[in-house]
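File shown here: start.cif, holding mmCIF, C-alpha atoms.
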data_coords
loop_
_atom_site.group_PDB
_atom_site.id
_atom_site.type_symbol
_atom_site.label_atom_id
_atom_site.label_comp_id
_atom_site.auth_asym_id
_atom_site.auth_seq_id
_atom_site.Cartn_x
_atom_site.Cartn_y
_atom_site.Cartn_z
ATOM 1 C CA MET A 1 -8.531 23.126 6.959
ATOM 2 C CA LEU A 2 -7.770 20.499 9.586
ATOM 3 C CA GLU A 3 -10.114 20.042 12.524
ATOM 4 C CA GLU A 4 -8.626 20.244 16.001
ATOM 5 C CA THR A 5 -9.356 16.592 16.702
ATOM 6 C CA LEU A 6 -7.515 15.581 13.548
ATOM 7 C CA LYS A 7 -4.639 17.906 14.363
ATOM 8 C CA SER A 8 -4.255 16.259 17.744
ATOM 9 C CA GLN A 9 -4.129 12.822 16.149
ATOM 10 C CA LEU A 10 -1.660 13.941 13.488
ATOM 11 C CA ARG A 11 0.543 15.581 16.102
ATOM 12 C CA ASP A 12 0.932 12.252 17.861
ATOM 13 C CA VAL A 13 1.640 10.389 14.619
ATOM 14 C CA LEU A 14 4.048 12.946 13.151
ATOM 15 C CA GLY A 15 5.904 13.019 16.420
ATOM 16 C CA LYS A 16 7.485 9.731 15.299
ATOM 17 C CA ILE A 17 9.526 11.471 12.579
ATOM 18 C CA GLU A 18 13.205 10.778 13.211
ATOM 19 C CA THR A 19 14.928 13.149 10.747
ATOM 20 C CA PRO A 20 13.930 16.602 9.412
ATOM 21 C CA VAL A 21 11.502 16.755 6.488
ATOM 22 C CA THR A 22 10.962 19.741 4.195
ATOM 23 C CA LEU A 23 7.694 20.420 2.405
ATOM 24 C CA ARG A 24 8.827 22.426 -0.629
ATOM 25 C CA ALA A 25 5.884 24.089 -2.365
ATOM 26 C CA SER A 26 5.497 25.595 -5.818
ATOM 27 C CA LEU A 27 2.431 27.846 -5.688
ATOM 28 C CA ASP A 28 0.602 30.195 -8.020
ATOM 29 C CA ASN A 29 -2.227 32.627 -7.357
ATOM 30 C CA SER A 30 -5.090 30.141 -7.719
ATOM 31 C CA ASP A 31 -7.633 29.238 -5.051
ATOM 32 C CA ALA A 32 -6.196 25.716 -4.989
ATOM 33 C CA ALA A 33 -2.752 27.176 -4.197
ATOM 34 C CA SER A 34 -4.208 29.137 -1.280
ATOM 35 C CA LYS A 35 -5.782 25.976 0.121
ATOM 36 C CA MET A 36 -2.535 24.064 -0.351
ATOM 37 C CA ARG A 37 -0.572 26.778 1.474
ATOM 38 C CA GLN A 38 -3.029 26.646 4.364
ATOM 39 C CA PHE A 39 -2.871 22.853 4.510
ATOM 40 C CA LEU A 40 0.930 22.750 4.473
ATOM 41 C CA SER A 41 1.222 25.559 7.015
ATOM 42 C CA GLU A 42 -1.011 23.716 9.438
ATOM 43 C CA CYS A 43 0.912 20.476 8.922
ATOM 44 C CA ALA A 44 4.233 22.229 9.540
ATOM 45 C CA THR A 45 3.039 23.299 12.996
ATOM 46 C CA LEU A 46 2.372 19.703 14.040
ATOM 47 C CA SER A 47 6.022 18.635 14.303
ATOM 48 C CA GLU A 48 9.282 20.418 14.944
ATOM 49 C CA ASN A 49 10.847 18.176 12.295
ATOM 50 C CA ILE A 50 8.654 19.544 9.485
ATOM 51 C CA ALA A 51 9.615 22.759 7.677
ATOM 52 C CA LEU A 52 7.718 24.556 4.899
ATOM 53 C CA HIS A 53 9.540 26.340 2.068
ATOM 54 C CA GLU A 54 7.790 27.995 -0.861
ATOM 55 C CA ASP A 55 10.722 28.048 -3.243
ATOM 56 C CA GLY A 56 9.783 25.122 -5.479
ATOM 57 C CA GLU A 57 9.760 25.616 -9.257
ATOM 58 C CA TRP A 58 7.737 23.084 -11.222
ATOM 59 C CA ASP A 59 5.627 23.269 -14.345
ATOM 60 C CA ARG A 60 2.502 21.993 -12.621
ATOM 61 C CA GLN A 61 1.222 24.329 -9.951
ATOM 62 C CA PRO A 62 0.175 24.145 -7.215
ATOM 63 C CA SER A 63 2.327 21.273 -6.013
ATOM 64 C CA PHE A 64 4.761 20.385 -3.250
ATOM 65 C CA SER A 65 7.474 17.834 -2.638
ATOM 66 C CA VAL A 66 8.366 15.862 0.482
ATOM 67 C CA ALA A 67 12.118 16.347 0.776
ATOM 68 C CA ALA A 68 14.475 14.331 2.970
ATOM 69 C CA GLN A 69 17.221 15.740 5.150
ATOM 70 C CA ASP A 70 19.788 15.217 2.370
ATOM 71 C CA GLY A 71 17.663 17.224 -0.071
ATOM 72 C CA THR A 72 16.265 14.240 -1.997
ATOM 73 C CA GLU A 73 12.884 15.083 -3.504
ATOM 74 C CA SER A 74 11.498 11.869 -4.935
ATOM 75 C CA ILE A 75 7.817 12.323 -3.946
ATOM 76 C CA ARG A 76 5.715 15.219 -5.201
ATOM 77 C CA PHE A 77 2.042 15.855 -4.590
ATOM 78 C CA THR A 78 0.339 17.876 -7.287
ATOM 79 C CA ALA A 79 -2.753 17.693 -5.162
ATOM 80 C CA ILE A 80 -4.114 18.783 -1.811
ATOM 81 C CA PRO A 81 -3.930 15.393 -0.091
ATOM 82 C CA MET A 82 -7.172 15.390 1.810
ATOM 83 C CA GLY A 83 -9.870 12.718 1.776
ATOM 84 C CA HIS A 84 -8.512 9.256 1.082
ATOM 85 C CA GLU A 85 -5.052 10.626 0.290
ATOM 86 C CA LEU A 86 -4.392 12.154 3.706
ATOM 87 C CA THR A 87 -3.019 8.806 4.868
ATOM 88 C CA SER A 88 -0.754 8.676 1.794
ATOM 89 C CA PHE A 89 0.647 12.105 2.681
ATOM 90 C CA VAL A 90 1.236 11.215 6.332
ATOM 91 C CA LEU A 91 2.956 7.946 5.414
ATOM 92 C CA ALA A 92 5.165 9.741 2.889
ATOM 93 C CA VAL A 93 6.261 12.272 5.519
ATOM 94 C CA LEU A 94 6.934 9.534 8.081
ATOM 95 C CA GLN A 95 8.907 7.332 5.692
ATOM 96 C CA VAL A 96 10.948 10.199 4.274
ATOM 97 C CA GLY A 97 11.526 11.208 7.888
ATOM 98 C CA GLY A 98 13.161 7.918 8.756
ATOM 99 C CA VAL A 99 10.288 5.708 9.875
ATOM 100 C CA PRO A 100 10.885 2.238 8.358
ATOM 101 C CA VAL A 101 8.763 1.129 5.417
ATOM 102 C CA LYS A 102 6.500 -1.746 6.444
ATOM 103 C CA LEU A 103 6.933 -4.286 3.669
ATOM 104 C CA PRO A 104 8.243 -7.863 3.765
ATOM 105 C CA ASP A 105 12.038 -8.067 3.884
ATOM 106 C CA ALA A 106 12.162 -9.925 0.569
ATOM 107 C CA THR A 107 10.087 -7.192 -1.117
ATOM 108 C CA ILE A 108 12.287 -4.440 0.304
ATOM 109 C CA ALA A 109 15.411 -6.213 -0.950
ATOM 110 C CA GLN A 110 13.860 -6.655 -4.385
ATOM 111 C CA ILE A 111 12.997 -2.946 -4.599
ATOM 112 C CA ARG A 112 16.500 -1.899 -3.586
ATOM 113 C CA ASP A 113 18.061 -4.200 -6.171
ATOM 114 C CA LEU A 114 16.164 -2.681 -9.110
ATOM 115 C CA GLU A 115 18.273 -0.625 -11.486
ATOM 116 C CA GLY A 116 17.112 1.934 -13.999
ATOM 117 C CA ASP A 117 15.195 5.192 -14.161
ATOM 118 C CA PHE A 118 11.641 4.950 -12.829
ATOM 119 C CA GLN A 119 9.694 8.199 -13.213
ATOM 120 C CA PHE A 120 6.143 7.437 -12.067
ATOM 121 C CA THR A 121 3.118 9.668 -12.504
ATOM 122 C CA THR A 122 -0.165 8.639 -10.902
ATOM 123 C CA TYR A 123 -3.454 10.358 -11.693
ATOM 124 C CA ILE A 124 -5.884 10.127 -8.816
ATOM 125 C CA SER A 125 -9.144 11.413 -7.418
ATOM 126 C CA LEU A 126 -9.438 12.351 -3.752
ATOM 127 C CA SER A 127 -12.655 10.330 -3.568
ATOM 128 C CA CYS A 128 -11.061 7.207 -5.076
ATOM 129 C CA GLN A 129 -10.818 4.307 -2.638
ATOM 130 C CA ASN A 130 -8.369 2.339 -4.800
ATOM 131 C CA CYS A 131 -5.868 5.164 -5.302
ATOM 132 C CA PRO A 132 -4.170 5.281 -1.868
ATOM 133 C CA GLU A 133 -2.801 1.741 -2.123
ATOM 134 C CA VAL A 134 -1.059 2.533 -5.424
ATOM 135 C CA VAL A 135 0.202 5.900 -4.217
ATOM 136 C CA GLN A 136 1.572 4.461 -0.976
ATOM 137 C CA ALA A 137 3.230 1.529 -2.719
ATOM 138 C CA ILE A 138 5.127 3.709 -5.211
ATOM 139 C CA ASN A 139 5.993 6.254 -2.508
ATOM 140 C CA ALA A 140 7.531 3.452 -0.455
ATOM 141 C CA MET A 141 9.603 2.426 -3.475
ATOM 142 C CA CYS A 142 10.849 6.006 -3.791
ATOM 143 C CA VAL A 143 12.026 5.944 -0.182
ATOM 144 C CA LEU A 144 13.805 2.607 -0.633
ATOM 145 C CA ASN A 145 15.407 3.240 -4.035
ATOM 146 C CA SER A 146 16.714 6.605 -5.232
ATOM 147 C CA SER A 147 16.072 5.589 -8.857
ATOM 148 C CA PHE A 148 12.335 6.039 -8.253
ATOM 149 C CA LYS A 149 10.481 9.344 -8.595
ATOM 150 C CA HIS A 150 6.754 9.797 -8.124
ATOM 151 C CA GLU A 151 4.318 12.598 -8.864
ATOM 152 C CA ILE A 152 0.745 12.285 -7.642
ATOM 153 C CA ILE A 153 -1.714 14.382 -9.663
ATOM 154 C CA ASP A 154 -5.277 15.180 -8.652
ATOM 155 C CA GLY A 155 -7.215 15.081 -11.911
ATOM 156 C CA ALA A 156 -9.717 17.617 -10.593
ATOM 157 C CA LEU A 157 -6.981 20.288 -10.554
ATOM 158 C CA PHE A 158 -5.772 19.516 -14.084
ATOM 159 C CA GLN A 159 -8.907 18.658 -15.995
ATOM 160 C CA GLU A 160 -7.546 19.791 -19.369
ATOM 161 C CA GLU A 161 -4.586 17.423 -19.055
ATOM 162 C CA VAL A 162 -6.857 14.583 -17.970
ATOM 163 C CA THR A 163 -9.159 15.213 -20.936
ATOM 164 C CA ARG A 164 -6.243 15.454 -23.372
ATOM 165 C CA LYS A 165 -4.841 12.125 -22.199
ATOM 166 C CA ASN A 166 -8.299 10.560 -22.105
ATOM 167 C CA ILE A 167 -7.843 9.388 -18.529
ATOM 168 C CA MET A 168 -11.064 7.790 -17.377
ATOM 169 C CA PRO A 169 -10.574 5.301 -14.514
ATOM 170 C CA VAL A 170 -8.259 6.117 -11.637
ATOM 171 C CA PRO A 171 -5.692 5.430 -10.464
ATOM 172 C CA GLN A 172 -3.973 5.743 -13.818
ATOM 173 C CA ILE A 173 -0.224 5.117 -13.690
ATOM 174 C CA GLU A 174 2.408 6.275 -16.150
ATOM 175 C CA LEU A 175 6.061 5.230 -16.153
ATOM 176 C CA ASN A 176 8.574 7.482 -17.905
ATOM 177 C CA GLY A 177 5.748 9.203 -19.762
ATOM 178 C CA ALA A 178 4.137 6.003 -21.099
ATOM 179 C CA PRO A 179 1.025 4.163 -19.821
ATOM 180 C CA PHE A 180 2.001 1.591 -17.206
ATOM 181 C CA ALA A 181 -1.131 0.332 -15.467
ATOM 182 C CA SER A 182 -4.529 1.331 -14.113
ATOM 183 C CA GLY A 183 -6.608 0.240 -11.181
ATOM 184 C CA ARG A 184 -5.726 -1.020 -7.754
ATOM 185 C CA MET A 185 -2.256 -2.546 -7.354
ATOM 186 C CA ASP A 186 -0.040 -3.370 -4.415
ATOM 187 C CA ALA A 187 3.741 -3.231 -4.211
ATOM 188 C CA MET A 188 4.178 -6.863 -5.221
ATOM 189 C CA GLU A 189 2.047 -6.440 -8.334
ATOM 190 C CA ILE A 190 3.920 -3.310 -9.370
ATOM 191 C CA LEU A 191 7.228 -5.107 -8.839
ATOM 192 C CA ALA A 192 6.033 -7.998 -10.982
ATOM 193 C CA LYS A 193 5.633 -5.593 -13.905
ATOM 194 C CA LEU A 194 8.986 -3.924 -13.297
ATOM 195 C CA ASP A 195 11.096 -6.986 -12.540
ATOM 196 C CA ASP A 196 10.998 -9.821 -15.071
ATOM 197 C CA ALA A 197 12.588 -12.103 -12.500
ATOM 198 C CA ALA A 198 9.793 -11.531 -9.957
ATOM 199 C CA PRO A 199 8.049 -14.911 -10.485
ATOM 200 C CA ALA A 200 11.316 -16.801 -10.020
ATOM 201 C CA LYS A 201 12.111 -14.827 -6.881
ATOM 202 C CA ALA A 202 8.644 -15.504 -5.480
ATOM 203 C CA ALA A 203 9.026 -19.216 -6.182
ATOM 204 C CA GLN A 204 12.427 -19.213 -4.467
ATOM 205 C CA GLN A 205 10.740 -18.266 -1.180
ATOM 206 C CA TYR A 206 9.001 -21.647 -1.106
ATOM 207 C CA LYS A 207 11.924 -23.715 -2.358
ATOM 208 C CA ASP A 208 13.205 -24.627 1.090
ATOM 209 C CA ALA A 209 9.806 -24.676 2.807
ATOM 210 C CA ALA A 210 8.519 -27.929 4.245
ATOM 211 C CA PRO A 211 6.014 -29.610 1.898
ATOM 212 C CA PHE A 212 2.310 -29.423 2.644
ATOM 213 C CA ASP A 213 0.214 -32.564 2.947
ATOM 214 C CA VAL A 214 -2.487 -30.805 0.915
ATOM 215 C CA LEU A 215 -2.215 -27.689 -1.246
ATOM 216 C CA ILE A 216 -5.565 -26.469 -2.578
ATOM 217 C CA ILE A 217 -5.366 -24.010 -5.457
ATOM 218 C CA GLY A 218 -8.253 -21.556 -5.514
ATOM 219 C CA GLY A 219 -9.706 -19.352 -2.793
ATOM 220 C CA GLY A 220 -13.382 -19.569 -3.687
ATOM 221 C CA PRO A 221 -16.128 -21.198 -1.578
ATOM 222 C CA ALA A 222 -15.234 -24.704 -2.802
ATOM 223 C CA GLY A 223 -11.520 -24.239 -2.142
ATOM 224 C CA ALA A 224 -12.123 -22.744 1.316
ATOM 225 C CA ALA A 225 -14.505 -25.544 2.275
ATOM 226 C CA ALA A 226 -12.077 -28.191 1.007
ATOM 227 C CA ALA A 227 -9.225 -26.695 3.040
ATOM 228 C CA ILE A 228 -11.291 -26.447 6.218
ATOM 229 C CA TYR A 229 -12.646 -29.968 6.082
ATOM 230 C CA ALA A 230 -9.326 -31.475 5.043
ATOM 231 C CA ALA A 231 -7.789 -29.818 8.075
ATOM 232 C CA ARG A 232 -10.616 -30.987 10.343
ATOM 233 C CA LYS A 233 -10.285 -34.582 9.248
ATOM 234 C CA GLY A 234 -6.528 -34.338 9.404
ATOM 235 C CA LEU A 235 -6.106 -36.889 6.621
ATOM 236 C CA GLY A 236 -5.565 -39.447 9.338
ATOM 237 C CA ARG A 237 -2.765 -37.482 10.987
ATOM 238 C CA ALA A 238 -3.083 -35.027 13.848
ATOM 239 C CA SER A 239 -0.162 -33.014 12.471
ATOM 240 C CA SER A 240 -1.309 -32.784 8.859
ATOM 241 C CA ARG A 241 -0.391 -29.448 7.248
ATOM 242 C CA ILE A 242 -3.052 -27.951 4.982
ATOM 243 C CA ALA A 243 -2.640 -24.849 2.825
ATOM 244 C CA LEU A 244 -5.057 -22.857 0.677
ATOM 245 C CA ALA A 245 -3.533 -20.743 -2.077
ATOM 246 C CA VAL A 246 -4.849 -18.230 -4.581
ATOM 247 C CA ARG A 247 -3.236 -17.424 -7.890
ATOM 248 C CA SER A 248 -2.134 -13.862 -8.492
ATOM 249 C CA TRP A 249 -2.739 -13.380 -12.217
ATOM 250 C CA LYS A 250 -0.710 -10.170 -12.243
ATOM 251 C CA GLN A 251 2.304 -11.846 -10.639
ATOM 252 C CA ARG A 252 1.909 -15.333 -12.111
ATOM 253 C CA THR A 253 2.557 -16.713 -8.623
ATOM 254 C CA LEU A 254 0.644 -18.303 -5.744
ATOM 255 C CA LYS A 255 -0.031 -16.811 -2.331
ATOM 256 C CA ILE A 256 -0.636 -19.042 0.670
ATOM 257 C CA ILE A 257 -3.654 -17.496 2.377
ATOM 258 C CA PHE A 258 -4.689 -20.222 4.828
ATOM 259 C CA ARG A 259 -2.586 -22.571 6.932
ATOM 260 C CA SER A 260 -3.968 -24.981 9.488
ATOM 261 C CA ARG A 261 -3.395 -28.089 11.555
ATOM 262 C CA ARG A 262 -6.101 -30.466 12.538
ATOM 263 C CA ARG A 263 -6.358 -29.344 16.142
ATOM 264 C CA MET A 264 -6.979 -25.732 15.113
ATOM 265 C CA ALA A 265 -9.528 -26.257 12.335
ATOM 266 C CA ARG A 266 -13.217 -25.467 12.819
ATOM 267 C CA ASN A 267 -16.055 -24.437 10.575
ATOM 268 C CA TYR A 268 -14.604 -20.977 10.013
ATOM 269 C CA PRO A 269 -11.606 -19.985 7.888
ATOM 270 C CA LEU A 270 -9.366 -18.345 10.456
ATOM 271 C CA SER A 271 -6.422 -16.003 10.302
ATOM 272 C CA LEU A 272 -3.859 -18.117 12.146
ATOM 273 C CA LYS A 273 -1.079 -15.546 11.814
ATOM 274 C CA PRO A 274 -0.805 -11.873 10.751
ATOM 275 C CA MET A 275 -1.185 -11.440 6.996
ATOM 276 C CA SER A 276 1.661 -9.819 5.099
ATOM 277 C CA ALA A 277 1.243 -6.279 3.802
ATOM 278 C CA PRO A 278 0.535 -7.040 0.104
ATOM 279 C CA MET A 279 -2.572 -9.062 0.977
ATOM 280 C CA LYS A 280 -5.773 -7.075 1.391
ATOM 281 C CA TRP A 281 -8.830 -8.511 3.022
ATOM 282 C CA LYS A 282 -12.335 -7.761 4.165
ATOM 283 C CA SER A 283 -12.591 -8.892 7.746
ATOM 284 C CA PHE A 284 -15.633 -9.519 9.908
ATOM 285 C CA PRO A 285 -15.700 -10.655 13.557
ATOM 286 C CA ALA A 286 -16.247 -14.394 13.710
ATOM 287 C CA ARG A 287 -19.026 -15.542 16.003
ATOM 288 C CA ARG A 288 -17.531 -17.328 18.978
ATOM 289 C CA ARG A 289 -19.157 -20.511 20.174
ATOM 290 C CA SER A 290 -18.331 -22.178 23.464
ATOM 291 C CA GLY A 291 -15.418 -24.541 22.961
ATOM 292 C CA SER A 292 -14.984 -23.634 19.282
ATOM 293 C CA PHE A 293 -12.188 -21.077 19.491
ATOM 294 C CA PRO A 294 -9.186 -20.376 21.677
ATOM 295 C CA ARG A 295 -9.604 -17.400 23.966
ATOM 296 C CA GLN A 296 -7.892 -14.928 21.657
ATOM 297 C CA ASN A 297 -9.946 -13.206 18.980
ATOM 298 C CA ARG A 298 -10.266 -14.880 15.618
ATOM 299 C CA THR A 299 -11.316 -13.350 12.339
ATOM 300 C CA LEU A 300 -13.386 -14.615 9.453
ATOM 301 C CA ILE A 301 -11.491 -13.827 6.264
ATOM 302 C CA ILE A 302 -13.327 -13.265 2.969
ATOM 303 C CA ARG A 303 -11.175 -12.839 -0.105
ATOM 304 C CA SER A 304 -12.598 -10.871 -3.041
ATOM 305 C CA LEU A 305 -11.357 -12.484 -6.250
#
Could you rewrite the structure in this file as C-alpha cells?
Amino acid sequence: MLEETLKSQLRDVLGKIETPVTLRASLDNSDAASKMRQFLSECATLSENIALHEDGEWDRQPSFSVAAQDGTESIRFTAIPMGHELTSFVLAVLQVGGVPVKLPDATIAQIRDLEGDFQFTTYISLSCQNCPEVVQAINAMCVLNSSFKHEIIDGALFQEEVTRKNIMPVPQIELNGAPFASGRMDAMEILAKLDDAAPAKAAQQYKDAAPFDVLIIGGGPAGAAAAIYAARKGLGRASSRIALAVRSWKQRTLKIIFRSRRRMARNYPLSLKPMSAPMKWKSFPARRRSGSFPRQNRTLIIRSL
C-alpha cells in the first residue's frame, strides 16, 4: 500500500520512537480488514520499536489501537489512516512511543490537570482537510492524560452507523456518547469546552505581561493596517509596543497575533517570532525590497476569520 519513497521517509521519522509501540488489530474477513492488515504489516517493518498483534477484540471491525509500552490503549483507529490521516497516525505512534507532544507548556499543564472520564469518538473522512487537526489534538490529550480515550471512525467504512446518527459534516465529535462539537477545532478550543476555567487561565497568562502602548482588537484589513501604521509612526516613541489581537469566539479570549516595534515595522504584517501551535495560518512569501527587510526571511501572514 505504501510506495517505496514514502516508506523511506516514514522509516526516518519512525526511527525517532523512544519506547516500544504495539499496533493491536481487531480484524474480520472484509476487504477493508485485508487492506488494514497490509497497511499495519508494512508499518511494522519500518521500525524495530513497532510490533503488530492481531488479538484485539472490539465491536467495530476492522480497527486497531496504538498501545504504549505499559499496555495503555487510549487511541484507536477504526479506519485505514491513509490520505490526510496518515500524519495523524504517524504522530500518534510517535507520541505514544515517547516523543514529546508539541503544545505550549500552559496547554499541556491544563490537559494534565483535567479530571473526569473523557471518551471521545470522532467521525472523519479520509478526504477531509479539517479532520486531522481535531484527531491530532484529541490524540495528544490521550497521551498526556490517561482519563482520555479516543476512537477515530472513517464514516465510509460504517455508512449505516453514519446514516443512523445523521452525521453530515465531518469531523463530528462525540464525548461519552453525546454530541460534543463539529468542524475544525484545535486543542485550545477543545479545552475551552471541557474546562470551564479556561478563559480565566488564558487571561492569567497576560496578567504579569508588560502593558502594550496600543492593543488593536480585530484582525481584519482595518485592524492590520492600523497596527502596521501605528508601529511605523511609533506614537512618538522609538520603543512603542504595538499588538494586534483577534477574538476567539469559541474560547472567549484574545490571541495576540502581531507584535512590533517601530524600527521593525514596514508595509507588510510580519511574523516576528514563531507562532504557537494552536494558531493556524495561510502563509505566502513576502516580496523583499532593498532595505525593507532584515536579511532573514519574513512571511506575510493572512488570517482567515
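Selection result for the displayed file, with the PyMOL selection byres ((chain A and resi 84) around 7) as criterion, is Met82, Gly83, Glu85, Leu86, Thr87, Leu126, Ser127, Cys128, Gln129 and Pro132 of chain A.
Evaluated on this file, the PyMOL selection byres ((chain A and resi 178-193) around 7) matches Asn130, Cys131, Glu133, Val134, Ala137, Val170, Pro171, Gln172, Ile173, Glu174, Leu175, Asn176, Gly177, Leu194, Asp195, Asp196, Ala198, Lys250, Gln251 and Pro278 of chain A.
The two atoms in question, CA of Asp113 in chain A and CA of Leu144 in chain A, are spaced 9.8 Å apart.
For Asp70 in chain A, the non-local neighbours within 10 Å, defined as residues at least 4 positions apart in the same chain or in other chains and counting all atoms listed in the file, are Thr19, Pro20 and Val21 of chain A.
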Exercise for review: For the structure provided, state which residues fall under the PyMOL selection byres ((chain A and resi 99) around 12), and present them as a ChimeraX atom specification.
Suggested key: /A:13-21,68,90-98,100-102,140,143-144
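Of note, CA of Phe89 in chain A and CA of Ser30 in chain A are spaced 21.6 Å apart.
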Reconstructed range 154-169 of chain A, atom set N, CA and C atoms, as a compact mmCIF listing (two decimals), in the coordinates of the input:
# COMPACT_ATOMS: atom_id res chain seq x y z
N ASP A 154 -3.82 15.19 -8.83
CA ASP A 154 -5.28 15.18 -8.65
C ASP A 154 -5.91 15.65 -9.97
N GLY A 155 -6.63 14.75 -10.62
CA GLY A 155 -7.22 15.08 -11.91
C GLY A 155 -8.17 16.25 -11.86
N ALA A 156 -8.78 16.51 -10.70
CA ALA A 156 -9.72 17.62 -10.59
C ALA A 156 -9.02 18.97 -10.73
N LEU A 157 -7.73 19.04 -10.43
CA LEU A 157 -6.98 20.29 -10.55
C LEU A 157 -6.42 20.49 -11.95
N PHE A 158 -6.35 19.44 -12.75
CA PHE A 158 -5.77 19.52 -14.08
C PHE A 158 -6.70 18.80 -15.07
N GLN A 159 -7.88 19.32 -15.18
CA GLN A 159 -8.91 18.66 -16.00
C GLN A 159 -8.56 18.68 -17.48
N GLU A 160 -7.92 19.74 -17.96
CA GLU A 160 -7.55 19.79 -19.37
C GLU A 160 -6.54 18.69 -19.70
N GLU A 161 -5.58 18.48 -18.83
CA GLU A 161 -4.59 17.42 -19.06
C GLU A 161 -5.24 16.05 -19.02
N VAL A 162 -6.15 15.86 -18.07
CA VAL A 162 -6.86 14.58 -17.97
C VAL A 162 -7.68 14.32 -19.22
N THR A 163 -8.35 15.36 -19.72
CA THR A 163 -9.16 15.21 -20.94
C THR A 163 -8.28 14.93 -22.14
N ARG A 164 -7.15 15.63 -22.24
CA ARG A 164 -6.24 15.45 -23.37
C ARG A 164 -5.68 14.04 -23.41
N LYS A 165 -5.40 13.47 -22.26
CA LYS A 165 -4.84 12.12 -22.20
C LYS A 165 -5.92 11.05 -22.13
N ASN A 166 -7.17 11.49 -22.12
CA ASN A 166 -8.30 10.56 -22.10
C ASN A 166 -8.22 9.61 -20.91
N ILE A 167 -7.93 10.18 -19.75
CA ILE A 167 -7.84 9.39 -18.53
C ILE A 167 -9.24 9.26 -17.94
N MET A 168 -9.72 8.04 -17.89
CA MET A 168 -11.06 7.79 -17.38
C MET A 168 -11.02 7.16 -15.98
N PRO A 169 -10.62 5.89 -15.86
CA PRO A 169 -10.57 5.30 -14.51
C PRO A 169 -9.32 5.76 -13.77
